[in-house]
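A quick write-up on the structure given underneath.
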Amino acid sequence: LGGDTGTGAFTPQHPPFHWLPKGYDIYAIALQECHYPHRKGFSRCEEDVCFCLVSHLGRAQYTVVKAISMWEIRIVVIARRSLVSSPIGIHSVKAGHVATGVGGVLKNKGGVGISLSIYDTRICFVGAHLAAKPKRVKERNANAFVILKELATILSNGTDLSSCHDHIFFLGDLNYRVTGIPRSRVLKMLELDLIHQLQEHEQLRYEKGHGRVLAGYQEPLINFRPTYRYEHHDDAWSKKKLFNLPSWTDRILSLSHNPRYLSHHKYWMDPSARGSDHRP
């Protein structure tokens, strides 16, 4: 199970993880803009976040396999204790990060990755926060390419990630937007629940369709409202920076050697997680 949430307003007193369903064997949760003063007893924010996640799922049943952060970009993999304790369960865990911010060095944008084996299946989870602003499509495409290329150097000794993993999950705030359509029409289409028609104006769908980003990666059908941009603690669309049209910025895509062994149980957005201008 993969999950994504932009958590600029995250606080452990009001954790945004109630939407995370219980009962799965392994979880990968990608977080962006996730920073706050950690609570007493924790050495850093990442540690506090991991504690909140495992507490929600059940500390007796689950434990953190690996977590890695790059500034406010984080990814956490959690699994059943039985999988972690088994010598042939989860093993050969690696992690790394790649910065793609200003000059290719600033760590406010980029990706964090965790590679691991579950029995004889090799899986890679990549949490990404790509370039913002509607016009920066080429930068987003380039960010995704650099993240996957550089993570291959870290996680697979330079071999392409797709060559040495059975499944790759690319998730996070990818920042692709709805563009080329008046805001008033976007809001009307959402009022009429014309979700699929609105996706015809969506950048990631267009760029993938033209082979310019994440070639071969698949995404389940989107049947939910845009994940961005909302008022904090409200279901209303944000009235700040009106050029930011309601968009599906938060996504989960996958690449599999054998798609028959990968099925999507559920792909959804939870509107009740209102602590950010994103919805997970």
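Lettering and numbering for the structure tokens are positional, with chains as A, B, ... in the shown order, residues counted from 1 in each chain, and ligands counted from 1 in the shown order.
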So that I can see what lies close to range 105-117 of chain A, please list as an MDAnalysis selection string the residues with an atom at most 8 Å from it, counting only C-alpha atoms and leaving out residues fewer than 3 positions away in the same chain.
chainID A and resid 66:75 77 89:102 120:131 143 147 151 155
Run DSSP on the backbone and grab whatever in range 7-209 of chain A lands in strand (DSSP E); send it over as a ChimeraX atom specification.
/A:26-32,62-70,73-80,90-99,110-118,121-129,167-173
Nearest to Gln197 in chain A: which of A:Ile222, A:Cys52, A:Tyr217, A:Ser184 is it, counting only C-alpha atoms?
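Of all the options, A:Ile222 lies closest to Gln197 in chain A.
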Which residues, written as a PDB file with N, CA and C atoms, in the first residue's frame, have at least one atom at most 8 Å from Val54 in chain A, with only C-alpha atoms counted and residues fewer than 3 positions away on the same chain left out?
ATOM      1  N   CYS A  50       7.518   8.852  12.471  1.00  0.00           N
ATOM      2  CA  CYS A  50       7.503   7.384  12.449  1.00  0.00           C
ATOM      3  C   CYS A  50       6.738   6.828  13.649  1.00  0.00           C
ATOM      4  N   PHE A  51       6.954   7.444  14.802  1.00  0.00           N
ATOM      5  CA  PHE A  51       6.243   7.009  16.005  1.00  0.00           C
ATOM      6  C   PHE A  51       4.732   7.172  15.818  1.00  0.00           C
ATOM      7  N   LEU A  57      -1.061   2.442  13.298  1.00  0.00           N
ATOM      8  CA  LEU A  57      -1.255   1.109  12.730  1.00  0.00           C
ATOM      9  C   LEU A  57      -1.280   0.023  13.792  1.00  0.00           C
ATOM     10  N   GLY A  58      -0.549   0.259  14.901  1.00  0.00           N
ATOM     11  CA  GLY A  58      -0.499  -0.733  15.977  1.00  0.00           C
ATOM     12  C   GLY A  58       0.921  -1.157  16.267  1.00  0.00           C
ATOM     13  N   ARG A  59       1.456  -0.710  17.382  1.00  0.00           N
ATOM     14  CA  ARG A  59       2.862  -0.953  17.691  1.00  0.00           C
ATOM     15  C   ARG A  59       3.160  -2.427  17.924  1.00  0.00           C
ATOM     16  N   TYR A  62       3.278  -3.763  14.040  1.00  0.00           N
ATOM     17  CA  TYR A  62       4.052  -3.114  12.986  1.00  0.00           C
ATOM     18  C   TYR A  62       5.308  -2.442  13.524  1.00  0.00           C
ATOM     19  N   THR A  63       6.287  -2.298  12.634  1.00  0.00           N
ATOM     20  CA  THR A  63       7.513  -1.596  12.980  1.00  0.00           C
ATOM     21  C   THR A  63       8.046  -0.894  11.736  1.00  0.00           C
ATOM     22  N   VAL A  64       8.899   0.093  11.935  1.00  0.00           N
ATOM     23  CA  VAL A  64       9.506   0.811  10.815  1.00  0.00           C
ATOM     24  C   VAL A  64      10.617  -0.047  10.212  1.00  0.00           C
ATOM     25  N   ILE A  78       6.880   0.813   6.485  1.00  0.00           N
ATOM     26  CA  ILE A  78       6.467   0.121   7.708  1.00  0.00           C
ATOM     27  C   ILE A  78       5.927  -1.247   7.317  1.00  0.00           C
TER      28      ILE A  78
END
Do a neighbour search on range 19-25 of chain A at 12 Å with only C-alpha atoms, toss out local chain neighbours closer than 6 positions, and write the hits as a ChimeraX atom specification.
/A:1-5,52-59,61-63,65,77-84,89-90,118,265-266,268-274,279-280
Mind dumping the selected residues with N, CA and C atoms as a compact mmCIF listing (two decimals), in the first residue's frame?
# COMPACT_ATOMS: atom_id res chain seq x y z
N LEU A 1 0.85 -1.19 0.00
CA LEU A 1 0.00 0.00 0.00
C LEU A 1 0.88 1.23 0.00
N GLY A 2 0.67 2.13 -0.92
CA GLY A 2 1.40 3.39 -0.95
C GLY A 2 0.48 4.52 -0.56
N GLY A 3 1.03 5.54 0.07
CA GLY A 3 0.22 6.70 0.42
C GLY A 3 1.03 7.95 0.24
N ASP A 4 0.36 9.07 -0.02
CA ASP A 4 1.06 10.34 -0.16
C ASP A 4 0.30 11.42 0.57
N THR A 5 1.03 12.31 1.22
CA THR A 5 0.37 13.47 1.81
C THR A 5 1.34 14.62 1.91
N CYS A 52 4.31 8.30 15.26
CA CYS A 52 2.88 8.54 15.02
C CYS A 52 2.28 7.51 14.06
N LEU A 53 3.01 7.20 12.99
CA LEU A 53 2.53 6.25 12.00
C LEU A 53 2.37 4.85 12.60
N VAL A 54 3.40 4.38 13.28
CA VAL A 54 3.34 3.04 13.86
C VAL A 54 2.29 2.97 14.96
N SER A 55 2.15 4.04 15.73
CA SER A 55 1.13 4.07 16.78
C SER A 55 -0.26 3.95 16.18
N HIS A 56 -0.48 4.60 15.05
CA HIS A 56 -1.78 4.52 14.38
C HIS A 56 -2.06 3.09 13.89
N LEU A 57 -1.06 2.44 13.30
CA LEU A 57 -1.26 1.11 12.73
C LEU A 57 -1.28 0.02 13.79
N GLY A 58 -0.55 0.26 14.90
CA GLY A 58 -0.50 -0.73 15.98
C GLY A 58 0.92 -1.16 16.27
N ARG A 59 1.46 -0.71 17.38
CA ARG A 59 2.86 -0.95 17.69
C ARG A 59 3.16 -2.43 17.92
N GLN A 61 1.95 -4.91 16.23
CA GLN A 61 1.96 -5.63 14.97
C GLN A 61 2.95 -5.07 13.95
N TYR A 62 3.28 -3.76 14.04
CA TYR A 62 4.05 -3.11 12.99
C TYR A 62 5.31 -2.44 13.52
N THR A 63 6.29 -2.30 12.63
CA THR A 63 7.51 -1.60 12.98
C THR A 63 8.05 -0.89 11.74
N VAL A 65 10.54 -0.28 8.92
CA VAL A 65 11.60 -0.98 8.20
C VAL A 65 12.74 -0.02 7.90
N VAL A 77 8.84 3.34 5.26
CA VAL A 77 8.32 2.00 4.97
C VAL A 77 8.10 1.28 6.30
N ILE A 78 6.88 0.81 6.49
CA ILE A 78 6.47 0.12 7.71
C ILE A 78 5.93 -1.25 7.32
N ALA A 79 6.21 -2.25 8.13
CA ALA A 79 5.75 -3.60 7.80
C ALA A 79 5.40 -4.37 9.07
N ARG A 80 4.73 -5.47 8.87
CA ARG A 80 4.42 -6.36 10.00
C ARG A 80 5.72 -6.86 10.62
N ARG A 81 5.73 -6.95 11.91
CA ARG A 81 6.92 -7.40 12.63
C ARG A 81 7.34 -8.81 12.18
N SER A 82 6.37 -9.64 11.84
CA SER A 82 6.68 -11.01 11.42
C SER A 82 7.50 -11.02 10.13
N LEU A 83 7.24 -10.06 9.22
CA LEU A 83 8.01 -9.96 7.99
C LEU A 83 9.43 -9.48 8.26
N VAL A 84 9.55 -8.56 9.20
CA VAL A 84 10.86 -7.98 9.50
C VAL A 84 11.73 -8.96 10.27
N GLY A 89 12.16 -12.78 5.11
CA GLY A 89 11.05 -11.85 4.88
C GLY A 89 11.56 -10.60 4.20
N ILE A 90 11.66 -9.53 4.95
CA ILE A 90 12.20 -8.28 4.40
C ILE A 90 13.69 -8.23 4.68
N ILE A 118 11.35 -8.51 -0.44
CA ILE A 118 10.37 -9.25 0.35
C ILE A 118 10.38 -10.66 -0.19
N HIS A 265 -5.75 -2.34 -5.42
CA HIS A 265 -6.92 -2.61 -4.60
C HIS A 265 -7.81 -1.38 -4.51
N LYS A 266 -7.20 -0.22 -4.32
CA LYS A 266 -7.98 1.02 -4.17
C LYS A 266 -7.07 2.22 -4.44
N TRP A 268 -7.54 6.35 -4.07
CA TRP A 268 -8.53 7.30 -3.61
C TRP A 268 -7.87 8.50 -2.94
N MET A 269 -8.66 9.53 -2.74
CA MET A 269 -8.27 10.71 -1.99
C MET A 269 -9.21 10.82 -0.80
N ASP A 270 -8.64 11.12 0.38
CA ASP A 270 -9.47 11.22 1.58
C ASP A 270 -9.73 12.70 1.90
N PRO A 271 -10.95 13.19 1.69
CA PRO A 271 -11.24 14.60 1.92
C PRO A 271 -11.26 15.00 3.39
N SER A 272 -11.23 14.01 4.28
CA SER A 272 -11.31 14.33 5.70
C SER A 272 -9.95 14.74 6.30
N ALA A 273 -8.88 14.55 5.56
CA ALA A 273 -7.54 14.94 6.04
C ALA A 273 -7.30 16.39 5.64
N ARG A 274 -7.67 17.33 6.50
CA ARG A 274 -7.74 18.75 6.12
C ARG A 274 -6.61 19.59 6.72
N ARG A 279 -4.70 17.05 -0.17
CA ARG A 279 -5.44 15.95 0.44
C ARG A 279 -4.74 14.65 0.04
N PRO A 280 -4.49 13.76 0.98
CA PRO A 280 -3.76 12.52 0.65
C PRO A 280 -4.60 11.55 -0.18
7 Å contact set for Ser247 in chain A, only C-alpha atoms, chain neighbours under 6 positions out, as a ChimeraX atom specification:
/A:177-178,226-228
From A:Glu219, A:Phe169, A:Cys34, A:Pro134, residue lying nearest Phe243 in chain A [only C-alpha atoms]:
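That would be A:Pro134, the residue with the smallest distance to Phe243 in chain A.
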